[in-house]
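Structure data (mmCIF, C-alpha atoms) from start-v7.cif:
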data_upload
#
loop_
_atom_site.label_atom_id
_atom_site.label_comp_id
_atom_site.auth_asym_id
_atom_site.auth_seq_id
_atom_site.Cartn_x
_atom_site.Cartn_y
_atom_site.Cartn_z
CA LYS A 238 123.61 169.30 98.66
CA ASN A 239 125.79 166.28 99.43
CA GLN A 240 127.12 166.60 102.96
CA VAL A 241 128.68 164.45 105.66
CA GLU A 242 128.60 165.65 109.26
CA GLN A 243 130.58 163.98 112.02
CA SER A 244 130.25 164.30 115.77
CA PRO A 245 131.76 164.97 118.12
CA GLN A 246 134.49 167.14 116.64
CA SER A 247 136.87 165.86 119.31
CA LEU A 248 136.75 163.32 122.09
CA ILE A 249 139.03 162.44 124.99
CA ILE A 250 138.62 159.16 126.89
CA LEU A 251 140.65 156.99 129.21
CA GLU A 252 142.43 153.90 128.00
CA GLY A 253 140.24 150.83 128.23
CA LYS A 254 136.97 152.73 127.85
CA ASN A 255 134.55 152.40 124.93
CA CYS A 256 133.41 155.20 122.67
CA THR A 257 131.11 155.83 119.72
CA LEU A 258 131.63 158.24 116.85
CA GLN A 259 128.75 159.44 114.71
CA CYS A 260 128.36 160.20 111.02
CA ASN A 261 125.23 161.69 109.43
CA TYR A 262 125.00 162.13 105.69
CA THR A 263 122.74 163.60 103.06
CA VAL A 264 124.54 162.07 100.11
CA SER A 265 122.35 160.79 97.30
CA PRO A 266 122.25 158.40 95.57
CA PHE A 267 124.11 156.44 98.22
CA SER A 268 126.66 153.87 97.14
CA ASN A 269 128.74 153.01 100.20
CA LEU A 270 130.23 154.46 103.38
CA ARG A 271 133.76 154.01 104.66
CA TRP A 272 135.42 154.84 107.93
CA TYR A 273 139.08 155.86 107.73
CA LYS A 274 141.61 156.20 110.52
CA GLN A 275 144.28 158.88 110.18
CA ASP A 276 147.21 158.87 112.57
CA THR A 277 148.91 162.22 113.13
CA GLY A 278 151.19 163.06 110.22
CA ARG A 279 150.07 160.02 108.19
CA GLY A 280 147.60 159.36 105.41
CA PRO A 281 144.12 157.95 106.14
CA VAL A 282 143.70 154.18 106.13
CA SER A 283 140.38 152.41 105.55
CA LEU A 284 138.89 150.60 108.57
CA THR A 285 135.64 149.32 107.15
CA ILE A 286 133.14 149.73 104.32
CA MET A 287 129.36 149.64 104.65
CA THR A 288 127.04 149.07 101.73
CA PHE A 289 123.31 149.77 101.59
CA SER A 290 122.31 146.28 102.69
CA GLU A 291 124.68 146.04 105.64
CA ASN A 292 123.68 147.05 109.17
CA THR A 293 126.80 146.22 111.10
CA LYS A 294 130.36 145.14 110.42
CA SER A 295 133.27 144.51 112.76
CA ASN A 296 137.01 144.83 112.32
CA GLY A 297 138.65 143.75 115.56
CA ARG A 298 137.72 146.24 118.27
CA TYR A 299 136.02 148.49 115.71
CA THR A 300 132.33 147.99 114.91
CA ALA A 301 130.55 150.11 112.32
CA THR A 302 126.80 150.37 111.95
CA LEU A 303 124.68 151.82 109.18
CA ASP A 304 121.04 152.91 109.19
CA ALA A 305 120.24 153.71 105.58
CA ASP A 306 116.76 154.95 106.48
CA THR A 307 117.96 157.67 108.84
CA LYS A 308 121.25 158.10 106.91
CA GLN A 309 123.37 157.60 109.98
CA SER A 310 126.47 155.56 110.70
CA SER A 311 128.43 155.01 113.87
CA LEU A 312 131.87 153.66 114.68
CA HIS A 313 132.13 151.98 118.06
CA ILE A 314 135.55 151.35 119.58
CA THR A 315 135.75 148.78 122.35
CA ALA A 316 138.42 148.64 125.06
CA SER A 317 140.31 151.59 123.65
CA GLN A 318 144.09 151.56 123.41
CA LEU A 319 146.61 154.41 123.22
CA SER A 320 147.17 153.53 119.57
CA ASP A 321 143.53 154.38 118.83
CA SER A 322 144.41 158.07 119.23
CA ALA A 323 143.81 159.44 115.72
CA SER A 324 141.32 161.23 113.52
CA TYR A 325 138.44 159.15 112.22
CA ILE A 326 136.96 160.22 108.91
CA CYS A 327 133.62 159.17 107.45
CA VAL A 328 133.51 159.08 103.64
CA VAL A 329 130.33 158.48 101.65
CA SER A 330 130.34 157.42 98.00
CA ALA A 331 127.66 158.60 95.63
CA GLN A 332 126.83 158.46 91.96
CA GLY A 333 127.84 154.90 91.34
CA ALA A 334 130.78 155.29 93.73
CA GLN A 335 132.47 157.87 91.53
CA LYS A 336 131.93 160.83 93.84
CA LEU A 337 133.33 160.86 97.39
CA VAL A 338 132.08 163.18 100.14
CA PHE A 339 134.27 163.56 103.23
CA GLY A 340 133.29 164.41 106.77
CA GLN A 341 135.48 166.80 108.76
CA GLY A 342 136.62 163.99 111.05
CA THR A 343 136.55 163.30 114.78
CA ARG A 344 139.79 163.75 116.68
CA LEU A 345 140.01 160.96 119.29
CA THR A 346 142.54 161.11 122.12
CA ILE A 347 143.11 158.15 124.43
CA ASN A 348 144.73 159.05 127.73
CA PRO A 349 146.50 156.52 129.97
CA GLU B 247 152.96 150.77 103.57
CA THR B 248 149.86 151.52 101.48
CA GLY B 249 151.45 151.19 98.05
CA VAL B 250 151.25 154.96 97.48
CA THR B 251 154.50 156.87 97.99
CA GLN B 252 154.74 160.64 98.28
CA THR B 253 157.86 162.79 98.21
CA PRO B 254 158.97 164.97 99.80
CA ARG B 255 157.31 164.38 103.17
CA HIS B 256 158.06 167.95 104.24
CA LEU B 257 158.60 171.06 102.15
CA VAL B 258 159.22 174.67 103.12
CA MET B 259 159.16 177.22 100.35
CA GLY B 260 159.00 180.95 99.82
CA MET B 261 156.21 182.59 97.87
CA THR B 262 158.43 183.06 94.82
CA ASN B 263 159.77 179.51 94.70
CA LYS B 264 158.84 176.75 92.26
CA LYS B 265 158.67 173.24 93.65
CA SER B 266 156.95 169.95 92.86
CA LEU B 267 155.29 167.20 94.86
CA LYS B 268 155.56 163.65 93.57
CA CYS B 269 153.26 160.67 94.00
CA GLU B 270 153.78 157.11 92.82
CA GLN B 271 151.43 154.16 93.21
CA HIS B 272 152.33 150.48 92.85
CA LEU B 273 148.79 149.12 93.03
CA GLY B 274 147.79 149.05 89.38
CA HIS B 275 145.00 151.56 89.99
CA ASN B 276 143.60 153.66 87.16
CA ALA B 277 142.60 156.76 89.13
CA MET B 278 144.82 159.16 91.07
CA TYR B 279 143.85 162.11 93.24
CA TRP B 280 145.29 165.17 94.93
CA TYR B 281 143.66 166.31 98.16
CA LYS B 282 144.41 169.28 100.40
CA GLN B 283 143.98 168.83 104.16
CA SER B 284 143.87 171.92 106.34
CA ALA B 285 143.37 171.92 110.09
CA LYS B 286 139.80 171.19 111.24
CA LYS B 287 138.45 171.06 107.67
CA PRO B 288 137.34 168.11 105.57
CA LEU B 289 139.69 166.87 102.90
CA GLU B 290 139.34 169.07 99.83
CA LEU B 291 139.50 167.38 96.47
CA MET B 292 141.82 169.23 94.10
CA PHE B 293 142.34 167.10 90.99
CA VAL B 294 141.34 163.70 89.66
CA TYR B 295 143.06 161.75 86.91
CA ASN B 296 141.52 158.67 85.33
CA PHE B 297 143.69 156.66 82.95
CA LYS B 298 146.09 159.66 82.76
CA GLU B 299 143.33 162.07 81.74
CA GLN B 300 142.25 164.86 84.07
CA THR B 301 138.59 164.31 84.86
CA GLU B 302 138.11 166.83 87.63
CA ASN B 303 139.59 170.19 88.59
CA ASN B 304 137.83 171.43 91.69
CA SER B 305 138.29 175.16 90.98
CA VAL B 306 141.90 175.03 92.07
CA PRO B 307 143.99 178.22 91.58
CA SER B 308 146.40 178.09 88.66
CA ARG B 309 149.39 178.33 91.00
CA PHE B 310 148.79 174.59 91.47
CA SER B 311 149.51 172.66 88.27
CA PRO B 312 149.04 168.88 88.14
CA GLU B 313 150.79 166.49 85.78
CA CYS B 314 150.05 162.81 85.21
CA PRO B 315 152.56 161.27 82.76
CA ASN B 316 151.19 157.74 83.31
CA SER B 317 148.74 155.86 85.50
CA SER B 318 151.37 155.28 88.19
CA HIS B 319 152.76 158.78 88.63
CA LEU B 320 151.22 162.08 89.62
CA PHE B 321 152.88 165.42 90.21
CA LEU B 322 151.71 168.69 91.69
CA HIS B 323 153.77 171.65 90.51
CA LEU B 324 153.75 174.62 92.86
CA HIS B 325 154.45 178.22 91.82
CA THR B 326 154.06 181.56 93.64
CA LEU B 327 152.08 180.05 96.48
CA GLN B 328 150.51 181.99 99.34
CA PRO B 329 150.91 181.34 103.09
CA GLU B 330 147.29 180.10 103.20
CA ASP B 331 148.33 177.26 100.89
CA SER B 332 150.26 175.74 103.79
CA ALA B 333 148.63 172.35 104.42
CA LEU B 334 149.06 168.61 104.16
CA TYR B 335 148.75 167.50 100.53
CA LEU B 336 147.59 163.94 100.15
CA CYS B 337 147.81 161.79 97.07
CA ALA B 338 145.49 158.82 96.68
CA SER B 339 144.70 156.14 94.14
CA ARG B 340 141.94 153.64 93.58
CA ALA B 341 140.37 151.39 91.00
CA THR B 342 137.26 152.89 89.44
CA SER B 343 136.46 150.55 86.57
CA GLY B 344 135.18 147.05 86.00
CA ARG B 345 134.55 144.80 88.96
CA PHE B 346 136.73 147.03 91.14
CA LYS B 347 134.46 150.01 90.64
CA GLY B 348 133.99 151.95 93.84
CA GLY B 349 137.15 150.58 95.37
CA GLU B 350 138.89 151.84 98.44
CA LEU B 351 141.00 154.98 98.31
CA PHE B 352 144.63 154.26 99.18
CA PHE B 353 146.41 157.34 100.50
CA GLY B 354 150.04 158.26 100.61
CA GLU B 355 151.60 159.60 103.81
CA GLY B 356 151.22 163.16 102.59
CA SER B 357 153.52 166.09 101.91
CA ARG B 358 153.47 168.73 104.64
CA LEU B 359 153.87 172.08 102.86
CA THR B 360 154.78 175.32 104.61
CA VAL B 361 154.76 178.55 102.60
CA LEU B 362 156.68 181.41 104.17
#

What's the structure tokens form of this structure?
Amino acid sequence: KNQVEQSPQSLIILEGKNCTLQCNYTVSPFSNLRWYKQDTGRGPVSLTIMTFSENTKSNGRYTATLDADTKQSSLHITASQLSDSASYICVVSAQGAQKLVFGQGTRLTINP
Amino acid sequence: ETGVTQTPRHLVMGMTNKKSLKCEQHLGHNAMYWYKQSAKKPLELMFVYNFKEQTENNSVPSRFSPECPNSSHLFLHLHTLQPEDSALYLCASRATSGRFKGGELFFGEGSRLTVL
């Protein structure tokens, strides 16, 4: 069964600190993995995409990693800011990228 | 601004009402989607349209009726809903053909639905 599990379910950290969000998947055949950021009351917005051959990719203070062997991805946020408070959703594409499997998201809160 | 516009942003309706949600995309994408987002649950795919043709109906109750008159517009008609249908309904579009196959999903801001 195609599944995407994210951890932790929620996380609270102080402004300026770093954090790492995890995504484990059992989706097959794997096509790509995206991390989305969803601000409260808004639609999700893509942060980064990881394909099978990529191990790490950065987008500003966001760095995503992918281990295709263990089927794990992480999203590392450096020097967190209040605007990073949001839900982060891991989405894995399968079947030639036609099928999308969503994780339940991690709710991140940055406190001043 | 993602290029996907949803209206209304908020909707409150009674169980006997009939209302519609509207989605419009200005990105030239061929595929459009309706998702339901409930608290603490993953996004649930409801319907998929590809080049105006419905290609997926994820066992959605008939009180939700989609309509896709063209590749840029998508509607979700609502009729005799239940309180448990209260959720955020997200529309999305993406390119799924040619060299853009597997493209990014672009979401609208969502329509927050409350059923009384």

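We find atom CA of Glu330 of chain B and atom CA of Arg279 of chain A to be spaced 20.9 Å apart.
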
>> Based on only C-alpha atoms, which of the residues in chain A come within 10 Å of chain B? I want them as a PyMOL selection string.
In response: chain A and resi 241-242+246+268-269+271+273+275-276+278-283+285-286+326-328+330-344

> Counting all atoms listed in the file, which residues come within 12 Å of (116.0, 155.6, 108.3), with the point read in the file's coordinates, and could you list them as a list in words?
Replying inline: Asn261, Tyr262, Thr263, Phe289, Asn292, Leu303, Asp304, Ala305, Asp306, Thr307, Lys308, Gln309 and Ser310 of chain A

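For the point (148.3, 165.4, 84.7), the residues with an atom at a distance of at most 9 Å are Phe293, Val294, Tyr295, Lys298, Glu299, Gln300, Ser311, Pro312, Glu313, Cys314, Pro315, Asn316, His319, Leu320, Phe321 and Leu322 of chain B, counting only C-alpha atoms.
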
Preceding selection exported with C-alpha atoms as a PDB file, in the coordinates of the input:
ATOM      1  CA  PHE B 293     142.340 167.100  90.990  1.00  0.00           C
ATOM      2  CA  VAL B 294     141.340 163.700  89.660  1.00  0.00           C
ATOM      3  CA  TYR B 295     143.060 161.750  86.910  1.00  0.00           C
ATOM      4  CA  LYS B 298     146.090 159.660  82.760  1.00  0.00           C
ATOM      5  CA  GLU B 299     143.330 162.070  81.740  1.00  0.00           C
ATOM      6  CA  GLN B 300     142.250 164.860  84.070  1.00  0.00           C
ATOM      7  CA  SER B 311     149.510 172.660  88.270  1.00  0.00           C
ATOM      8  CA  PRO B 312     149.040 168.880  88.140  1.00  0.00           C
ATOM      9  CA  GLU B 313     150.790 166.490  85.780  1.00  0.00           C
ATOM     10  CA  CYS B 314     150.050 162.810  85.210  1.00  0.00           C
ATOM     11  CA  PRO B 315     152.560 161.270  82.760  1.00  0.00           C
ATOM     12  CA  ASN B 316     151.190 157.740  83.310  1.00  0.00           C
ATOM     13  CA  HIS B 319     152.760 158.780  88.630  1.00  0.00           C
ATOM     14  CA  LEU B 320     151.220 162.080  89.620  1.00  0.00           C
ATOM     15  CA  PHE B 321     152.880 165.420  90.210  1.00  0.00           C
ATOM     16  CA  LEU B 322     151.710 168.690  91.690  1.00  0.00           C
TER      17      LEU B 322
END

>> Quick one: residues within 6 Å of segment 248-258 of chain A, all atoms listed in the file, excluding same-chain residues fewer than 3 positions away - as a VMD selection string?
In response: chain A and resid 311 to 318 345 to 349

Listed atoms of segment 258-276 of chain B boxed axis-aligned with 4 Å per side, centre + edges as JSON:
{"center_x": 151.7, "center_y": 166.1, "center_z": 95.1, "size_x": 24.2, "size_y": 42.0, "size_z": 24.0}

>> What would the selection look like, as a PyMOL selection string, if the PyMOL selection byres ((chain B and resi 273) around 8) were run on the coordinates I just shared?
In response: chain B and resi 249-250+271-272+274-275

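Put simply, the PyMOL selection byres ((chain B and resi 304) around 8) in this file takes in Leu291, Met292, Phe293, Glu302, Asn303, Ser305 and Val306 of chain B.
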
For the residues in that selection, give me C-alpha atoms as an mmCIF file, in the coordinates of the input.
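Done, and the output landed in result39.cif:
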data_model
loop_
_atom_site.group_PDB
_atom_site.id
_atom_site.type_symbol
_atom_site.label_atom_id
_atom_site.label_comp_id
_atom_site.auth_asym_id
_atom_site.auth_seq_id
_atom_site.Cartn_x
_atom_site.Cartn_y
_atom_site.Cartn_z
ATOM 1 C CA LEU B 291 139.500 167.380 96.470
ATOM 2 C CA MET B 292 141.820 169.230 94.100
ATOM 3 C CA PHE B 293 142.340 167.100 90.990
ATOM 4 C CA GLU B 302 138.110 166.830 87.630
ATOM 5 C CA ASN B 303 139.590 170.190 88.590
ATOM 6 C CA SER B 305 138.290 175.160 90.980
ATOM 7 C CA VAL B 306 141.900 175.030 92.070
#

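For the atom pair formed by atom CA of Asn263 of chain B and atom CA of Thr301 of chain B, the distance is 27.9 Å, given to one decimal.
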
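Pairwise distance (atom CA of Val329 of chain A, atom CA of Phe267 of chain A) equals 7.4 Å.
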
Mind rebuilding segment 304-328 of chain B with N, CA, C and O atoms and writing that out as a PDB file, in the frame of the given file?
ATOM      1  N   ASN B 304     138.809 170.885  90.763  1.00  0.00           N
ATOM      2  CA  ASN B 304     137.830 171.430  91.690  1.00  0.00           C
ATOM      3  C   ASN B 304     138.073 172.910  91.952  1.00  0.00           C
ATOM      4  O   ASN B 304     138.247 173.328  93.096  1.00  0.00           O
ATOM      5  N   SER B 305     138.097 173.702  90.877  1.00  0.00           N
ATOM      6  CA  SER B 305     138.290 175.160  90.980  1.00  0.00           C
ATOM      7  C   SER B 305     139.565 175.517  91.731  1.00  0.00           C
ATOM      8  O   SER B 305     139.568 176.387  92.598  1.00  0.00           O
ATOM      9  N   VAL B 306     140.619 174.810  91.401  1.00  0.00           N
ATOM     10  CA  VAL B 306     141.900 175.030  92.070  1.00  0.00           C
ATOM     11  C   VAL B 306     142.643 176.192  91.395  1.00  0.00           C
ATOM     12  O   VAL B 306     142.685 176.261  90.155  1.00  0.00           O
ATOM     13  N   PRO B 307     143.235 177.097  92.172  1.00  0.00           N
ATOM     14  CA  PRO B 307     143.990 178.220  91.580  1.00  0.00           C
ATOM     15  C   PRO B 307     145.103 177.723  90.668  1.00  0.00           C
ATOM     16  O   PRO B 307     145.693 176.656  90.901  1.00  0.00           O
ATOM     17  N   SER B 308     145.422 178.507  89.662  1.00  0.00           N
ATOM     18  CA  SER B 308     146.400 178.090  88.660  1.00  0.00           C
ATOM     19  C   SER B 308     147.818 177.996  89.199  1.00  0.00           C
ATOM     20  O   SER B 308     148.707 177.465  88.515  1.00  0.00           O
ATOM     21  N   ARG B 309     148.058 178.491  90.407  1.00  0.00           N
ATOM     22  CA  ARG B 309     149.390 178.330  91.000  1.00  0.00           C
ATOM     23  C   ARG B 309     149.670 176.876  91.372  1.00  0.00           C
ATOM     24  O   ARG B 309     150.804 176.522  91.712  1.00  0.00           O
ATOM     25  N   PHE B 310     148.642 176.039  91.322  1.00  0.00           N
ATOM     26  CA  PHE B 310     148.790 174.590  91.470  1.00  0.00           C
ATOM     27  C   PHE B 310     148.592 173.976  90.082  1.00  0.00           C
ATOM     28  O   PHE B 310     147.531 174.130  89.473  1.00  0.00           O
ATOM     29  N   SER B 311     149.578 173.239  89.600  1.00  0.00           N
ATOM     30  CA  SER B 311     149.510 172.660  88.270  1.00  0.00           C
ATOM     31  C   SER B 311     149.798 171.164  88.340  1.00  0.00           C
ATOM     32  O   SER B 311     150.917 170.756  88.656  1.00  0.00           O
ATOM     33  N   PRO B 312     148.804 170.324  88.055  1.00  0.00           N
ATOM     34  CA  PRO B 312     149.040 168.880  88.140  1.00  0.00           C
ATOM     35  C   PRO B 312     149.608 168.344  86.829  1.00  0.00           C
ATOM     36  O   PRO B 312     149.466 168.946  85.760  1.00  0.00           O
ATOM     37  N   GLU B 313     150.260 167.185  86.960  1.00  0.00           N
ATOM     38  CA  GLU B 313     150.790 166.490  85.780  1.00  0.00           C
ATOM     39  C   GLU B 313     150.700 165.000  86.039  1.00  0.00           C
ATOM     40  O   GLU B 313     151.092 164.529  87.112  1.00  0.00           O
ATOM     41  N   CYS B 314     150.177 164.262  85.059  1.00  0.00           N
ATOM     42  CA  CYS B 314     150.050 162.810  85.210  1.00  0.00           C
ATOM     43  C   CYS B 314     150.624 162.145  83.960  1.00  0.00           C
ATOM     44  O   CYS B 314     149.899 161.903  82.995  1.00  0.00           O
ATOM     45  N   PRO B 315     151.923 161.838  83.958  1.00  0.00           N
ATOM     46  CA  PRO B 315     152.560 161.270  82.760  1.00  0.00           C
ATOM     47  C   PRO B 315     152.124 159.841  82.461  1.00  0.00           C
ATOM     48  O   PRO B 315     152.161 159.421  81.306  1.00  0.00           O
ATOM     49  N   ASN B 316     151.706 159.108  83.487  1.00  0.00           N
ATOM     50  CA  ASN B 316     151.190 157.740  83.310  1.00  0.00           C
ATOM     51  C   ASN B 316     150.316 157.393  84.498  1.00  0.00           C
ATOM     52  O   ASN B 316     150.230 158.177  85.457  1.00  0.00           O
ATOM     53  N   SER B 317     149.705 156.221  84.455  1.00  0.00           N
ATOM     54  CA  SER B 317     148.740 155.860  85.500  1.00  0.00           C
ATOM     55  C   SER B 317     149.377 155.644  86.860  1.00  0.00           C
ATOM     56  O   SER B 317     148.672 155.548  87.859  1.00  0.00           O
ATOM     57  N   SER B 318     150.700 155.562  86.930  1.00  0.00           N
ATOM     58  CA  SER B 318     151.370 155.280  88.190  1.00  0.00           C
ATOM     59  C   SER B 318     151.979 156.508  88.852  1.00  0.00           C
ATOM     60  O   SER B 318     152.374 156.433  90.022  1.00  0.00           O
ATOM     61  N   HIS B 319     152.079 157.602  88.116  1.00  0.00           N
ATOM     62  CA  HIS B 319     152.760 158.780  88.630  1.00  0.00           C
ATOM     63  C   HIS B 319     151.887 160.021  88.532  1.00  0.00           C
ATOM     64  O   HIS B 319     151.191 160.226  87.534  1.00  0.00           O
ATOM     65  N   LEU B 320     151.984 160.833  89.572  1.00  0.00           N
ATOM     66  CA  LEU B 320     151.220 162.080  89.620  1.00  0.00           C
ATOM     67  C   LEU B 320     152.091 163.135  90.279  1.00  0.00           C
ATOM     68  O   LEU B 320     152.749 162.872  91.284  1.00  0.00           O
ATOM     69  N   PHE B 321     152.094 164.319  89.665  1.00  0.00           N
ATOM     70  CA  PHE B 321     152.880 165.420  90.210  1.00  0.00           C
ATOM     71  C   PHE B 321     151.952 166.594  90.503  1.00  0.00           C
ATOM     72  O   PHE B 321     150.895 166.754  89.891  1.00  0.00           O
ATOM     73  N   LEU B 322     152.380 167.420  91.448  1.00  0.00           N
ATOM     74  CA  LEU B 322     151.710 168.690  91.690  1.00  0.00           C
ATOM     75  C   LEU B 322     152.789 169.762  91.699  1.00  0.00           C
ATOM     76  O   LEU B 322     153.627 169.819  92.594  1.00  0.00           O
ATOM     77  N   HIS B 323     152.778 170.581  90.645  1.00  0.00           N
ATOM     78  CA  HIS B 323     153.770 171.650  90.510  1.00  0.00           C
ATOM     79  C   HIS B 323     153.245 172.888  91.216  1.00  0.00           C
ATOM     80  O   HIS B 323     152.075 173.289  91.041  1.00  0.00           O
ATOM     81  N   LEU B 324     154.126 173.497  92.002  1.00  0.00           N
ATOM     82  CA  LEU B 324     153.750 174.620  92.860  1.00  0.00           C
ATOM     83  C   LEU B 324     154.513 175.877  92.434  1.00  0.00           C
ATOM     84  O   LEU B 324     155.738 175.826  92.260  1.00  0.00           O
ATOM     85  N   HIS B 325     153.792 176.997  92.303  1.00  0.00           N
ATOM     86  CA  HIS B 325     154.450 178.220  91.820  1.00  0.00           C
ATOM     87  C   HIS B 325     153.751 179.437  92.428  1.00  0.00           C
ATOM     88  O   HIS B 325     152.534 179.556  92.344  1.00  0.00           O
ATOM     89  N   THR B 326     154.547 180.324  93.014  1.00  0.00           N
ATOM     90  CA  THR B 326     154.060 181.560  93.640  1.00  0.00           C
ATOM     91  C   THR B 326     152.888 181.290  94.581  1.00  0.00           C
ATOM     92  O   THR B 326     151.802 181.878  94.457  1.00  0.00           O
ATOM     93  N   LEU B 327     153.119 180.384  95.520  1.00  0.00           N
ATOM     94  CA  LEU B 327     152.080 180.050  96.480  1.00  0.00           C
ATOM     95  C   LEU B 327     151.931 181.134  97.537  1.00  0.00           C
ATOM     96  O   LEU B 327     152.796 182.006  97.692  1.00  0.00           O
ATOM     97  N   GLN B 328     150.822 181.063  98.267  1.00  0.00           N
ATOM     98  CA  GLN B 328     150.510 181.990  99.340  1.00  0.00           C
ATOM     99  C   GLN B 328     150.613 181.265 100.689  1.00  0.00           C
ATOM    100  O   GLN B 328     150.470 180.040 100.750  1.00  0.00           O
TER     101      GLN B 328
END
